[in-house]
Each structure stands twice: as structure tokens, then as C-alpha cells.
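input.tsv (TSV, C-alpha atoms) appears below.
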chain	number	residue	atom	x	y	z
A	4	MET	CA	127.91	60.03	189.03
A	5	ASN	CA	130.00	59.19	185.96
A	6	VAL	CA	128.30	56.52	183.84
A	7	ILE	CA	130.73	55.69	181.03
A	8	ALA	CA	129.73	53.62	178.01
A	9	ILE	CA	132.86	51.99	176.55
A	10	ILE	CA	132.72	50.46	173.07
A	11	GLY	CA	135.31	47.74	172.48
A	12	ALA	CA	136.37	47.41	168.84
A	13	ARG	CA	139.33	46.72	166.55
A	14	LEU	CA	139.47	46.02	162.84
A	15	ASN	CA	141.45	42.76	162.59
A	16	SER	CA	138.60	40.33	163.16
A	17	SER	CA	139.56	36.86	161.94
A	18	ARG	CA	136.15	36.14	160.44
A	19	LEU	CA	135.04	39.58	159.19
A	20	PRO	CA	137.96	42.01	158.95
A	21	GLY	CA	137.07	45.70	159.16
A	22	LYS	CA	133.51	44.90	160.23
A	23	HIS	CA	133.03	47.96	162.45
A	24	LEU	CA	133.31	50.27	159.43
A	25	LEU	CA	131.06	48.25	157.11
A	26	PRO	CA	128.06	50.33	156.01
A	27	LEU	CA	124.47	49.82	157.12
A	28	ALA	CA	121.95	52.19	155.54
A	29	GLY	CA	124.76	54.56	154.58
A	30	LYS	CA	126.52	54.67	157.96
A	31	PRO	CA	129.21	52.38	159.41
A	32	ILE	CA	128.19	49.85	162.04
A	33	ILE	CA	130.17	51.68	164.71
A	34	GLU	CA	128.23	54.89	164.01
A	35	HIS	CA	124.90	53.13	164.48
A	36	ILE	CA	126.12	51.93	167.88
A	37	GLN	CA	127.22	55.47	168.75
A	38	ASN	CA	123.83	56.88	167.71
A	39	ARG	CA	121.95	54.34	169.81
A	40	LEU	CA	124.06	55.16	172.87
A	41	GLU	CA	123.37	58.86	172.34
A	42	HIS	CA	119.67	58.07	172.81
A	43	CYS	CA	120.36	56.86	176.35
A	44	GLN	CA	119.43	59.23	179.19
A	45	THR	CA	121.80	57.88	181.84
A	46	LEU	CA	125.21	58.04	180.13
A	47	THR	CA	127.78	60.70	180.99
A	48	ASP	CA	130.33	59.83	178.25
A	49	ILE	CA	130.70	57.47	175.30
A	50	VAL	CA	134.24	56.30	174.53
A	51	LEU	CA	135.65	53.99	171.87
A	52	ALA	CA	138.40	51.73	173.24
A	53	THR	CA	140.62	50.37	170.49
A	54	THR	CA	144.31	49.59	169.96
A	55	LEU	CA	147.11	51.84	168.76
A	56	ASP	CA	147.96	49.82	165.65
A	57	GLU	CA	148.30	50.74	162.00
A	58	PHE	CA	145.42	48.47	160.97
A	59	ASN	CA	143.13	50.31	163.42
A	60	GLN	CA	143.96	53.79	162.13
A	61	PRO	CA	140.77	54.06	160.02
A	62	LEU	CA	138.71	53.32	163.15
A	63	ILE	CA	140.70	55.86	165.16
A	64	ASN	CA	140.18	58.41	162.39
A	65	TRP	CA	136.42	57.80	162.49
A	66	ALA	CA	136.35	58.18	166.27
A	67	ASN	CA	138.37	61.39	166.21
A	68	ASN	CA	135.67	62.91	163.99
A	69	ASN	CA	132.64	61.37	165.69
A	70	SER	CA	133.39	60.30	169.24
A	71	GLN	CA	135.82	60.21	172.11
A	72	CYS	CA	138.53	57.60	171.65
A	73	LEU	CA	141.27	55.93	173.65
A	74	ALA	CA	143.78	54.05	171.51
A	75	TYR	CA	145.49	51.55	173.82
A	76	SER	CA	149.23	51.01	173.35
A	77	GLY	CA	149.44	47.74	175.29
A	78	ASP	CA	148.79	44.13	174.28
A	79	VAL	CA	146.28	44.08	171.39
A	80	ASN	CA	144.60	41.04	172.95
A	81	ASP	CA	144.18	42.68	176.37
A	82	LEU	CA	140.60	43.95	176.06
A	83	MET	CA	140.29	44.26	179.83
A	84	GLY	CA	143.38	46.49	179.89
A	85	ARG	CA	141.95	48.74	177.16
A	86	ILE	CA	138.68	49.19	178.98
A	87	ASN	CA	140.37	49.73	182.34
A	88	ALA	CA	142.45	52.54	180.84
A	89	VAL	CA	139.19	54.32	179.94
A	90	VAL	CA	137.65	53.56	183.36
A	91	GLU	CA	140.59	55.18	185.13
A	92	GLN	CA	140.92	58.15	182.79
A	93	TYR	CA	137.21	59.03	183.01
A	94	GLN	CA	136.86	58.10	186.70
A	95	ALA	CA	133.85	55.90	185.98
A	96	ASP	CA	131.38	55.18	188.77
A	97	ILE	CA	129.37	52.82	186.54
A	98	VAL	CA	130.88	51.00	183.55
A	99	VAL	CA	128.68	50.05	180.60
A	100	TYR	CA	130.65	47.79	178.27
A	101	ILE	CA	129.36	47.63	174.68
A	102	CYS	CA	130.63	45.20	172.02
A	103	GLY	CA	131.47	47.10	168.86
A	104	ASP	CA	129.74	44.56	166.60
A	105	CYS	CA	126.19	44.81	168.02
A	106	PRO	CA	124.33	47.55	166.10
A	107	LEU	CA	120.95	46.72	167.70
A	108	ILE	CA	121.67	47.47	171.37
A	109	ASP	CA	118.55	48.90	172.99
A	110	PRO	CA	118.86	52.38	174.61
A	111	GLY	CA	115.83	51.75	176.83
A	112	PHE	CA	117.33	48.59	178.25
A	113	ILE	CA	120.66	50.32	178.91
A	114	ASP	CA	118.93	53.07	180.91
A	115	HIS	CA	116.86	50.45	182.72
A	116	ALA	CA	119.94	48.44	183.74
A	117	VAL	CA	121.91	51.52	184.85
A	118	ASN	CA	119.03	52.78	186.97
A	119	GLN	CA	118.62	49.37	188.58
A	120	LEU	CA	122.31	49.34	189.47
A	121	ARG	CA	122.06	52.85	190.95
A	122	GLN	CA	119.10	51.88	193.12
A	123	ASN	CA	120.67	48.68	194.49
A	124	PRO	CA	124.06	49.50	196.03
A	125	GLN	CA	124.46	45.96	197.40
A	126	ALA	CA	125.07	44.69	193.83
A	127	ASP	CA	128.05	45.36	191.58
A	128	SER	CA	126.83	43.98	188.24
A	129	ILE	CA	123.68	43.20	186.27
A	130	SER	CA	122.24	39.90	185.00
A	131	LEU	CA	118.84	39.07	183.58
A	132	ALA	CA	116.73	36.93	185.92
A	133	PRO	CA	116.76	33.19	185.06
A	134	ASP	CA	113.16	33.27	183.85
A	135	VAL	CA	113.81	36.09	181.35
A	136	ARG	CA	114.29	35.24	177.69
A	137	SER	CA	115.65	38.08	175.60
A	138	ILE	CA	117.42	38.80	172.31
A	139	HIS	CA	119.87	41.26	173.91
A	140	GLU	CA	123.57	40.85	173.08
A	141	GLY	CA	126.78	42.74	173.54
A	142	MET	CA	126.30	44.60	176.84
A	143	ALA	CA	127.63	44.35	180.40
A	144	PHE	CA	127.10	46.61	183.44
A	145	TYR	CA	129.35	47.08	186.47
A	146	THR	CA	129.77	49.44	189.41
A	147	ARG	CA	133.31	50.73	189.83
A	148	GLN	CA	133.90	48.26	192.65
A	149	GLY	CA	132.55	45.42	190.50
A	150	TRP	CA	134.76	46.42	187.59
A	151	ASP	CA	137.86	46.69	189.80
A	152	ASN	CA	137.18	43.19	191.21
A	153	LEU	CA	136.76	41.79	187.72
A	154	PHE	CA	139.89	43.50	186.41
A	155	VAL	CA	142.11	42.31	189.28
A	156	ASN	CA	140.91	38.73	188.82
A	157	SER	CA	141.39	38.69	185.04
A	158	VAL	CA	144.81	37.09	185.06
A	159	SER	CA	144.88	34.55	182.22
A	160	ASP	CA	145.10	35.46	178.54
A	161	MET	CA	141.52	34.26	178.06
A	162	GLU	CA	140.26	36.38	180.96
A	163	LYS	CA	142.05	39.47	179.65
A	164	GLU	CA	140.63	38.99	176.16
A	165	HIS	CA	136.98	38.38	177.15
A	166	VAL	CA	135.12	40.80	179.41
A	167	GLY	CA	133.52	39.02	182.36
A	168	TYR	CA	135.14	35.64	181.75
A	169	ALA	CA	137.09	35.73	185.04
A	170	ASN	CA	133.84	35.74	187.00
A	171	GLN	CA	133.08	32.23	185.74
A	172	ARG	CA	136.21	30.99	187.51
A	173	CYS	CA	136.26	32.94	190.78
A	174	HIS	CA	132.72	34.37	191.14
A	175	CYS	CA	134.09	37.78	192.07
A	176	LEU	CA	130.85	39.68	191.25
A	177	THR	CA	127.56	40.11	193.11
A	178	PRO	CA	124.97	40.38	190.33
A	179	LEU	CA	121.58	42.04	190.57
A	180	LEU	CA	118.98	39.89	188.80
A	181	ILE	CA	116.60	42.13	186.87
A	182	GLN	CA	113.60	41.85	184.58
A	183	ASP	CA	113.76	43.08	181.00
A	184	SER	CA	112.79	46.64	180.06
A	185	ASP	CA	110.28	45.34	177.49
A	186	ASP	CA	109.22	42.06	175.92
A	187	PHE	CA	112.15	41.07	173.71
A	188	SER	CA	111.36	37.36	173.89
A	189	GLY	CA	109.64	35.03	171.46
A	190	VAL	CA	112.59	34.46	169.14
A	191	GLU	CA	116.18	33.39	169.63
A	192	HIS	CA	118.50	34.90	167.06
A	193	ARG	CA	122.01	36.34	166.94
A	194	ILE	CA	122.20	40.13	166.48
A	195	SER	CA	125.97	40.54	166.55
A	196	VAL	CA	128.01	40.86	163.35
A	197	ASP	CA	130.84	38.31	163.25
A	198	THR	CA	130.63	36.87	159.73
A	199	ASP	CA	129.55	37.80	156.23
A	200	ALA	CA	126.20	36.07	156.79
A	201	ASP	CA	125.63	38.16	159.93
A	202	TYR	CA	126.37	41.28	157.92
A	203	ARG	CA	123.96	40.28	155.15
A	204	PHE	CA	121.29	39.67	157.78
A	205	MET	CA	121.89	43.09	159.34
A	206	GLN	CA	121.77	44.75	155.91
A	207	GLN	CA	118.33	43.28	155.35
A	208	ILE	CA	117.10	44.51	158.74
A	209	PHE	CA	118.29	48.08	158.22
A	210	GLN	CA	117.14	48.26	154.60
A	211	ARG	CA	113.65	47.11	155.53
A	212	TRP	CA	113.25	49.56	158.36
A	213	TYR	CA	114.58	52.64	156.58
A	214	ALA	CA	112.63	51.87	153.41
A	215	GLN	CA	109.48	52.65	155.40
A	216	ASN	CA	110.85	54.93	158.14
A	217	ARG	CA	113.30	57.30	156.53
A	218	THR	CA	113.24	59.92	159.30
A	219	ASP	CA	113.43	57.61	162.32
A	220	PRO	CA	116.90	57.80	163.91
A	221	ILE	CA	117.32	54.19	165.03
A	222	VAL	CA	115.94	50.74	164.20
A	223	PRO	CA	113.76	49.65	167.17
A	224	LEU	CA	114.80	46.33	168.65
A	225	LYS	CA	111.16	45.53	169.42
A	226	TRP	CA	110.33	45.84	165.70
A	227	VAL	CA	113.28	43.53	164.89
A	228	VAL	CA	111.95	40.88	167.29
A	229	ASP	CA	108.41	41.10	165.86
A	230	THR	CA	109.75	40.90	162.28
A	231	LEU	CA	111.90	37.86	163.05
A	232	LYS	CA	108.93	36.09	164.60
A	233	GLN	CA	107.00	36.48	161.35
A	234	GLU	CA	109.71	35.90	158.72
A	235	ALA	CA	111.67	32.65	158.77
A	236	SER	CA	113.58	33.73	155.64
A	237	LEU	CA	115.33	36.47	157.62
A	238	ARG	CA	116.31	34.06	160.38
A	239	GLN	CA	117.77	31.67	157.83
A	240	ILE	CA	120.31	34.19	156.51
A	241	ASN	CA	122.64	33.71	159.48
A	242	GLY	CA	120.88	31.06	161.50
A	243	HIS	CA	123.70	28.61	160.74
A	244	VAL	CA	126.51	30.82	162.09
A	245	LYS	CA	128.46	29.30	164.95
A	246	GLN	CA	129.10	31.55	167.93
A	247	LYS	CA	132.68	31.27	169.11
A	248	LYS	CA	133.22	30.05	172.65
A	249	ALA	CA	135.59	32.02	174.85
A	250	ASP	CA	137.24	28.91	176.27
A	251	GLN	CA	137.92	27.22	172.93
A	252	GLN	CA	140.88	27.69	170.62
A	253	TYR	CA	139.90	28.03	166.96
A	254	PRO	CA	142.48	26.99	164.38
A	255	SER	CA	143.38	29.25	161.49
A	256	VAL	CA	143.04	28.31	157.83
A	257	SER	CA	144.83	29.44	154.68
A	258	LEU	CA	143.25	28.94	151.25
A	259	TYR	CA	145.49	29.21	148.18
A	260	CYS	CA	143.91	29.63	144.76
A	261	ALA	CA	144.36	31.28	141.38
A	262	TYR	CA	142.01	33.75	139.74
A	263	ARG	CA	142.07	33.52	135.97
A	264	ALA	CA	138.62	34.78	134.96
A	265	ALA	CA	135.37	35.98	136.51
A	266	ASP	CA	133.87	32.48	136.21
A	267	ASP	CA	136.91	30.69	137.63
A	268	ALA	CA	135.34	27.73	139.43
A	269	LEU	CA	138.22	27.04	141.82
A	270	TYR	CA	138.42	30.69	142.89
A	271	GLN	CA	134.68	30.83	143.53
A	272	LEU	CA	134.90	27.57	145.44
A	273	SER	CA	137.75	28.95	147.55
A	274	VAL	CA	135.72	32.00	148.59
A	275	LYS	CA	132.63	29.92	149.36
A	276	LEU	CA	134.61	27.29	151.22
A	277	GLY	CA	136.40	29.91	153.33
A	278	ALA	CA	133.09	31.53	154.28
A	279	ALA	CA	131.55	28.15	155.19
A	280	LEU	CA	134.49	27.18	157.40
A	281	GLN	CA	134.22	30.52	159.18
A	282	GLU	CA	130.48	30.48	159.71
A	283	HIS	CA	129.81	26.82	160.44
A	284	TYR	CA	132.99	26.00	162.36
A	285	GLY	CA	134.26	29.33	163.69
A	286	LEU	CA	137.60	29.13	161.85
A	287	GLY	CA	139.46	32.28	160.85
A	288	THR	CA	140.49	32.14	157.18
A	289	GLN	CA	143.09	33.89	155.03
A	290	LEU	CA	142.59	33.83	151.26
A	291	HIS	CA	145.74	33.87	149.08
A	292	VAL	CA	145.06	34.57	145.40
A	293	LEU	CA	147.47	34.44	142.45
A	294	THR	CA	146.08	36.77	139.79
A	295	THR	CA	146.92	39.40	137.22
A	296	GLU	CA	143.61	41.16	137.92
A	297	THR	CA	142.63	43.73	140.53
A	298	LEU	CA	140.10	41.88	142.64
A	299	GLN	CA	137.20	43.54	144.35
A	300	ALA	CA	137.76	43.37	148.11
A	301	THR	CA	135.85	40.65	149.90
A	302	TRP	CA	134.32	41.46	153.29
A	303	SER	CA	134.05	37.85	154.30
A	304	GLN	CA	137.75	37.04	154.54
A	305	ASN	CA	141.22	38.46	154.85
A	306	CYS	CA	142.57	38.44	151.30
A	307	GLN	CA	146.16	38.66	150.03
A	308	THR	CA	146.80	38.89	146.29
A	309	TYR	CA	149.98	38.01	144.40
A	310	HIS	CA	150.88	39.05	140.87
A	311	ASP	CA	154.12	37.07	140.96
A	312	GLU	CA	153.95	33.28	140.89
A	313	GLN	CA	157.13	32.80	142.87
A	314	ALA	CA	155.89	35.07	145.68
A	315	PHE	CA	152.68	33.03	145.79
A	316	ILE	CA	154.61	29.75	146.01
A	317	ASP	CA	156.95	31.14	148.68
A	318	ALA	CA	153.99	32.21	150.81
A	319	LEU	CA	152.57	28.70	150.56
A	320	LYS	CA	155.89	27.10	151.48
A	321	HIS	CA	156.28	29.20	154.62
A	322	ASP	CA	152.66	29.27	155.74
A	323	ASP	CA	152.40	28.50	159.47
A	324	ARG	CA	148.63	28.27	159.86
A	325	HIS	CA	147.03	25.12	161.24
A	326	LEU	CA	145.35	24.16	157.97
A	327	THR	CA	146.34	24.83	154.38
A	328	LEU	CA	143.90	24.34	151.51
A	329	CYS	CA	145.19	24.52	147.94
A	330	LEU	CA	142.60	24.84	145.18
A	331	LEU	CA	144.85	25.10	142.17
A	332	PRO	CA	144.88	24.58	138.39
A	333	VAL	CA	147.05	21.71	137.21
A	334	PRO	CA	150.24	23.70	136.33
A	335	LEU	CA	150.41	25.14	139.84
A	336	GLN	CA	149.51	21.80	141.36
A	337	GLN	CA	152.54	20.27	139.64
A	338	GLN	CA	154.75	22.82	141.38
A	339	VAL	CA	153.14	22.04	144.74
A	340	GLU	CA	153.93	18.36	144.18
A	341	GLN	CA	157.65	19.23	144.31
A	342	PHE	CA	157.52	20.46	147.90
A	343	LYS	CA	154.41	18.89	149.41
A	344	HIS	CA	156.61	17.21	152.04
A	345	VAL	CA	157.36	20.72	153.31
A	346	LEU	CA	153.65	21.40	153.73
A	347	SER	CA	153.08	18.28	155.78
A	348	GLY	CA	156.09	19.13	157.91
A	349	ASN	CA	155.29	22.78	158.58
A	350	ASN	CA	151.51	22.66	158.90
A	351	SER	CA	149.17	20.60	160.99
A	352	LEU	CA	147.19	19.55	157.94
A	353	ALA	CA	147.67	20.31	154.26
A	354	ILE	CA	144.90	19.65	151.75
A	355	GLU	CA	145.15	20.05	147.98
A	356	LEU	CA	142.19	20.34	145.63
A	357	PHE	CA	142.64	20.83	141.92
A	358	ASP	CA	141.11	20.19	138.52
A	359	ALA	CA	141.37	16.51	137.66
A	360	LYS	CA	141.23	17.32	133.94
A	361	GLU	CA	142.90	20.46	132.69
A	362	HIS	CA	140.84	22.72	130.40
A	363	SER	CA	137.87	20.37	130.45
A	364	ALA	CA	134.64	22.37	130.51
A	365	THR	CA	132.58	19.25	131.09
A	366	SER	CA	134.62	17.85	133.98
A	367	HIS	CA	133.26	18.12	137.51
A	368	SER	CA	136.07	16.04	138.97
A	369	ILE	CA	138.22	17.33	141.79
A	370	ALA	CA	141.37	15.60	142.88
A	371	PHE	CA	141.72	15.62	146.65
A	372	LYS	CA	144.86	14.98	148.71
A	373	TRP	CA	145.53	15.39	152.37
A	374	LEU	CA	148.82	15.21	154.23
A	375	ASN	CA	148.77	14.65	157.97
A	376	ASN	CA	152.11	14.95	159.73
A	377	GLY	CA	151.15	15.18	163.41
A	378	ALA	CA	153.16	13.09	165.82
A	379	THR	CA	153.52	10.17	163.43
A	380	GLN	CA	155.01	9.65	160.01
A	381	ALA	CA	153.29	11.69	157.29
A	382	THR	CA	150.67	9.86	155.26
A	383	ALA	CA	148.99	10.76	151.99
A	384	GLN	CA	145.73	9.76	150.41
A	385	GLU	CA	144.34	10.65	147.00
A	386	THR	CA	140.75	10.41	145.90
A	387	VAL	CA	138.93	11.59	142.79
A	388	ILE	CA	135.42	12.69	143.67
A	389	ASN	CA	132.98	13.12	140.80
A	390	GLU	CA	130.14	15.63	140.91
A	391	LEU	CA	131.10	16.68	144.41
A	392	THR	CA	128.58	19.04	146.00
A	393	PHE	CA	129.74	22.03	147.99
A	394	ASN	CA	128.21	20.72	151.22
A	395	ASN	CA	129.93	17.36	150.72
A	396	LEU	CA	133.25	19.11	150.27
A	397	THR	CA	132.79	21.29	153.37
A	398	GLN	CA	131.82	18.31	155.50
A	399	LEU	CA	134.68	16.23	154.16
A	400	ILE	CA	137.33	18.84	154.88
A	401	SER	CA	135.85	19.76	158.26
A	402	GLY	CA	135.62	16.09	159.23
A	403	LEU	CA	139.26	15.50	158.37
A	404	PHE	CA	140.38	18.59	160.22
A	405	LEU	CA	138.25	18.05	163.31
A	406	ALA	CA	139.44	14.43	163.53
A	407	TYR	CA	143.02	15.61	163.30
A	408	SER	CA	142.43	18.32	165.92
A	409	LYS	CA	141.33	15.67	168.42
A	410	GLU	CA	144.57	13.80	167.85
A	411	ILE	CA	146.64	16.79	168.90

I'd like the structure from this file rewritten - as C-alpha cells, please.
Amino acid sequence: MNVIAIIGARLNSSRLPGKHLLPLAGKPIIEHIQNRLEHCQTLTDIVLATTLDEFNQPLINWANNNSQCLAYSGDVNDLMGRINAVVEQYQADIVVYICGDCPLIDPGFIDHAVNQLRQNPQADSISLAPDVRSIHEGMAFYTRQGWDNLFVNSVSDMEKEHVGYANQRCHCLTPLLIQDSDDFSGVEHRISVDTDADYRFMQQIFQRWYAQNRTDPIVPLKWVVDTLKQEASLRQINGHVKQKKADQQYPSVSLYCAYRAADDALYQLSVKLGAALQEHYGLGTQLHVLTTETLQATWSQNCQTYHDEQAFIDALKHDDRHLTLCLLPVPLQQQVEQFKHVLSGNNSLAIELFDAKEHSATSHSIAFKWLNNGATQATAQETVINELTFNNLTQLISGLFLAYSKEI
């Protein structure tokens, strides 16, 4: 019987680009997942399913040296299609789908679920019984018949992009309700890596374990649960992160700023604001930075740098994201003033934040403008907010944007 574990991963995550190759205890996240699957006793093959795109080449290169890999040449958003290509090529009898951003999957639970599926031929998928509370994330189990039913019924874009989503509409699966393989209850906490805060949490987990257990091959999930029960400070690292919902569209955000020095307040605010919008509201952000420096890459956001002012301005003019935030020094703000009508016409919502007083070390003022085009005539409002806290700013921008989103 062919039991194929298929890891779904690609590097262009909107909230944490390149996350699968980020290091944990000296190894990339994807390698920790591979190692944990190798500890399973029931798996015949482990295959990485990714897309045949230039941005995924580093992931393909890693897989070619460490694992089996199928690089799918179809629609990059068709996750079901990618997995099905592996299922057919490897003639899978049981399909174990693994999310490529969950480095704490439990090998014992995977073997337990596969064995339960083998022993109960009347079922074609696995679900935990309603009374079971567990920290598990990022796994799904199907017989070949169950997978084929799910694949055939995954017809919408949403159903093709999210494994198992079609079953919520048509109930095409017959699940086997099982108990857990161990006690992984007692704490509810996310163990997938979707944002920078998730990554910082996972770094802490792996550093703590390997500081005391240098020769142990994997971090035990049971130890993670027990540690989280005892230490609220660990839970707080990413406890605020919003899990994206499969049936909800999340707008995209562009942040435009200038980097003039290491202590540039508007640049630092841009990075922090982008991270907050991603983690609290699930928005994908793109950071655009005008600078003469070579900036250290940020893991928390997609980042595009410009050394030429005109190229920076042109990118802003032609930006087609739902929300544009401009955190600019006064000289650049004056240029934006000349074409702000273009922003309100091309984007759903354009917001400008800039120093109220140029070159004033004592000023905490931020000028704030928002332009809302929508279905009605564009309007503009300007406010000067003194001693504005970061949380106030995040809530203000999010409130404006969420209110606008309801209108459209």
C-alpha cells in the first residue's frame, strides 16, 4: 500500500515571503518538516509539491538535494492540482497532506491516523472526534477514493486553493472520527508559521529545546504543549496573530516610505505598521523604500527598494493595490500632493502620513490624509495628531479601511 506524504509549499507568501526556507536551529523550516515525516513508520514516500516558477527555484533546489519534488507547471493557485499530480504519479493509496509551514507536526499522530484509516475501509478521511481538543495543525488524511472525490468536487477557485474546502459545500467525504494519539490538549495555540510573530515564536521553541537537548532529532510536540501551559510569555509572542479564513478575501496593502538613516522614524513606523496590519488583520503588505543604502532584508514583508526618486514616484502612481499608505518626509510629500487625485482614482483607499514639521527633533506630530474614491466623488480629510501612539495609528488606519471595505 502506497502511503504518500505530500508537503504543499511555495515561497511567495503574502505575509511572510520565503518562510519555508527560514532557519530554525540551523535548518530551514521545510527540512524540519521533512525530518519529522522521516520519523513516521507508515509512509512510503515523502514528496514536496510546489510550483514551477522562478521565485520557487530556491525551494526546488533544496528539494532536489534533500527530498523528492514535483514542481507543478499549472496554475500557481491550484494547490489541489499540484497535490493530485503527485497522487497520480506515485499511485497513492493513502494521501497524507502536510502544510509546509507547520514544523511541529507529530510523527506519532500521523502513524496513528494512517493506521486508523487502514483498519476502517468504510471511511475515506480522518477527523478528530468532537470531544477531542488538540494543538495539531497542518495535516489531512484521505484514502485514494476520498481524495478523488474531493478533487473532482473542487471546482471553484477557493476550493482549488484550499485542501478540503470543497467538502464543506458538498459533503463528499465519509470521515472516520478518531481519538488523539496522546494528550495534546490543555492549551490552544497556533503552531503554523504565517507571520513574523509566528516565526519569532517558533525560534524561541526550537532554541529552548536544543539548548538542553542537542542530540535529539526533533522537538517533541508533547513538550511544546507542556511548555506553553506553563509560560504565558511564549504564548504572547504570536497570540495576537489572526488566522486567515479560506472564504474571505484579504485586501493587499502597499507602504511607501524613505530610509534616510538607521533611526529614521517614518521608516521604522512603516515596517512596524506593515507587520501589525498583517498579523492583526490578515492583510498582505508590500514595502516600497526610497533609499541610497543597502537595506538588510526583512522577513516580515515583501520589500522593494528604489535608489531613483522618479522610479519610486512612478511605482506609487501606478500602484494597483487596495490600500496605499505613504509615510514620507515633507519634500516627497509635496511631490505626492501634485498627483494625489491619481491615487484616489486608481486605488480603493490612499492614506498619507508625513512629518508635520520638517527637521524637528522634538516634534511628534504626524499629518494624516485619506482619500476615498469608491463609488462616490472623492473626499479628503486632514488631521494633525499629536503624540500619536502606534496602537492608535494602527486602529485608526484599520478602522478607516475596514469601514471602506464594507462600502464596496

List every residue of segment 25-47 of chain A that has an atom at most 12 Å from any atom of segment 116-122 of chain A, and for each one report the closest atom pair and its distance in Å to one decimal, counting all atoms listed in the file, with rows sorted by chain and then by increasing residue number, as JSON lines.
{"residue": "A:Cys43", "atom": "CA", "partner": "A:Val117", "partner_atom": "CA", "distance": 10.2}
{"residue": "A:Gln44", "atom": "CA", "partner": "A:Val117", "partner_atom": "CA", "distance": 9.9}
{"residue": "A:Thr45", "atom": "CA", "partner": "A:Val117", "partner_atom": "CA", "distance": 7.0}
{"residue": "A:Leu46", "atom": "CA", "partner": "A:Val117", "partner_atom": "CA", "distance": 8.7}
{"residue": "A:Thr47", "atom": "CA", "partner": "A:Val117", "partner_atom": "CA", "distance": 11.6}

Q: Using atom CA of Asn80 of chain A and atom CA of Ile63 of chain A as the two end points, give the distance in Å to one decimal.
A: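 Going from atom CA of Asn80 of chain A over to atom CA of Ile63 of chain A covers 17.2 Å.
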
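With only C-alpha atoms as the atoms that count, the residue of A:Asn156, A:Ser257, A:Gln215, A:Ser184 with the shortest distance to Gly111 of chain A is A:Ser184.
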
Q. Distance atom CA of Val166 of chain A-atom CA of Leu82 of chain A, one decimal place?
A.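 It comes out at 7.2 Å.
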
Q) Can you tell me how far atom CA of Asp127 of chain A sits from atom CA of His35 of chain A, in Å to one decimal? A) 28.4 Å

What's around Leu62 of chain A at 12 Å? Count all atoms listed in the file, leave out sequence neighbours fewer than 4 positions away in its own chain, and write the answer as a compact mmCIF listing (two decimals) with C-alpha atoms, keeping the file's coordinate frame.
# COMPACT_ATOMS: atom_id res chain seq x y z
CA ILE A 10 132.72 50.46 173.07
CA GLY A 11 135.31 47.74 172.48
CA ALA A 12 136.37 47.41 168.84
CA ARG A 13 139.33 46.72 166.55
CA LEU A 14 139.47 46.02 162.84
CA ASN A 15 141.45 42.76 162.59
CA GLY A 21 137.07 45.70 159.16
CA LYS A 22 133.51 44.90 160.23
CA HIS A 23 133.03 47.96 162.45
CA LEU A 24 133.31 50.27 159.43
CA LEU A 25 131.06 48.25 157.11
CA PRO A 31 129.21 52.38 159.41
CA ILE A 32 128.19 49.85 162.04
CA ILE A 33 130.17 51.68 164.71
CA GLU A 34 128.23 54.89 164.01
CA LEU A 51 135.65 53.99 171.87
CA ALA A 52 138.40 51.73 173.24
CA THR A 53 140.62 50.37 170.49
CA THR A 54 144.31 49.59 169.96
CA LEU A 55 147.11 51.84 168.76
CA ASP A 56 147.96 49.82 165.65
CA GLU A 57 148.30 50.74 162.00
CA PHE A 58 145.42 48.47 160.97
CA ALA A 66 136.35 58.18 166.27
CA ASN A 67 138.37 61.39 166.21
CA ASN A 68 135.67 62.91 163.99
CA ASN A 69 132.64 61.37 165.69
CA SER A 70 133.39 60.30 169.24
CA GLN A 71 135.82 60.21 172.11
CA CYS A 72 138.53 57.60 171.65
CA LEU A 73 141.27 55.93 173.65
CA ALA A 74 143.78 54.05 171.51
CA GLY A 103 131.47 47.10 168.86

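Nearest residue to Asn123 of chain A among A:Ala200, A:Pro223, A:Leu179, A:Ser188 is A:Leu179, counting all atoms listed in the file.
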
Q: Find, counting all atoms listed in the file, the residue in A:Asp151, A:His310, A:Val50, A:Asn5 that gets nearest to Leu298 of chain A.
A: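 Of A:Asp151, A:His310, A:Val50, A:Asn5, the one nearest Leu298 of chain A is A:His310, counting all atoms listed in the file.
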
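Here the question is which of A:Pro124, A:Gln239, A:Leu27, A:Ser137 gets nearest to Tyr213 of chain A using all atoms listed in the file, and that residue is A:Leu27.
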
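With all atoms listed in the file as the basis for measurement, A:Asp197 is the residue among A:Asp104, A:Asp267, A:Asp48, A:Asp197 that approaches Val244 of chain A most closely.
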
Q | Nearby residues (all atoms listed in the file) at most 12 Å from Lys248 of chain A, same-chain spacing under 5 positions excluded, as an MDAnalysis selection string | A | chainID A and resid 161 165 168 253 284:286

**Q.** Exercise: Ile129 of chain A partners within 12 Å, all atoms listed in the file, chain neighbours under 6 positions left out, as a PyMOL selection string
**A.** chain A and resi 97-100+112-113+115-123+142-146+149-150+167+176-183

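Proximity to Val339 of chain A was assessed for A:Gln246, A:Thr308, A:Thr288, A:Gln313 counting only C-alpha atoms; the smallest distance is recorded for A:Gln313.
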
Q. Which neighbours of Cys175 of chain A fall inside 7 Å, counting all atoms listed in the file, when residues of the same chain fewer than 5 positions from it are skipped, and could you give them as a ChimeraX atom specification?
A. /A:152-153,170

Q.
So that I can see what lies close to segment 87-90 of chain A, please list as number ranges by chain the residues with an atom at most 8 Å from it, counting all atoms listed in the file and leaving out residues fewer than 2 positions away in the same chain.
A. A: 7, 9, 50, 52, 73, 75, 83-85, 92-95, 98, 154
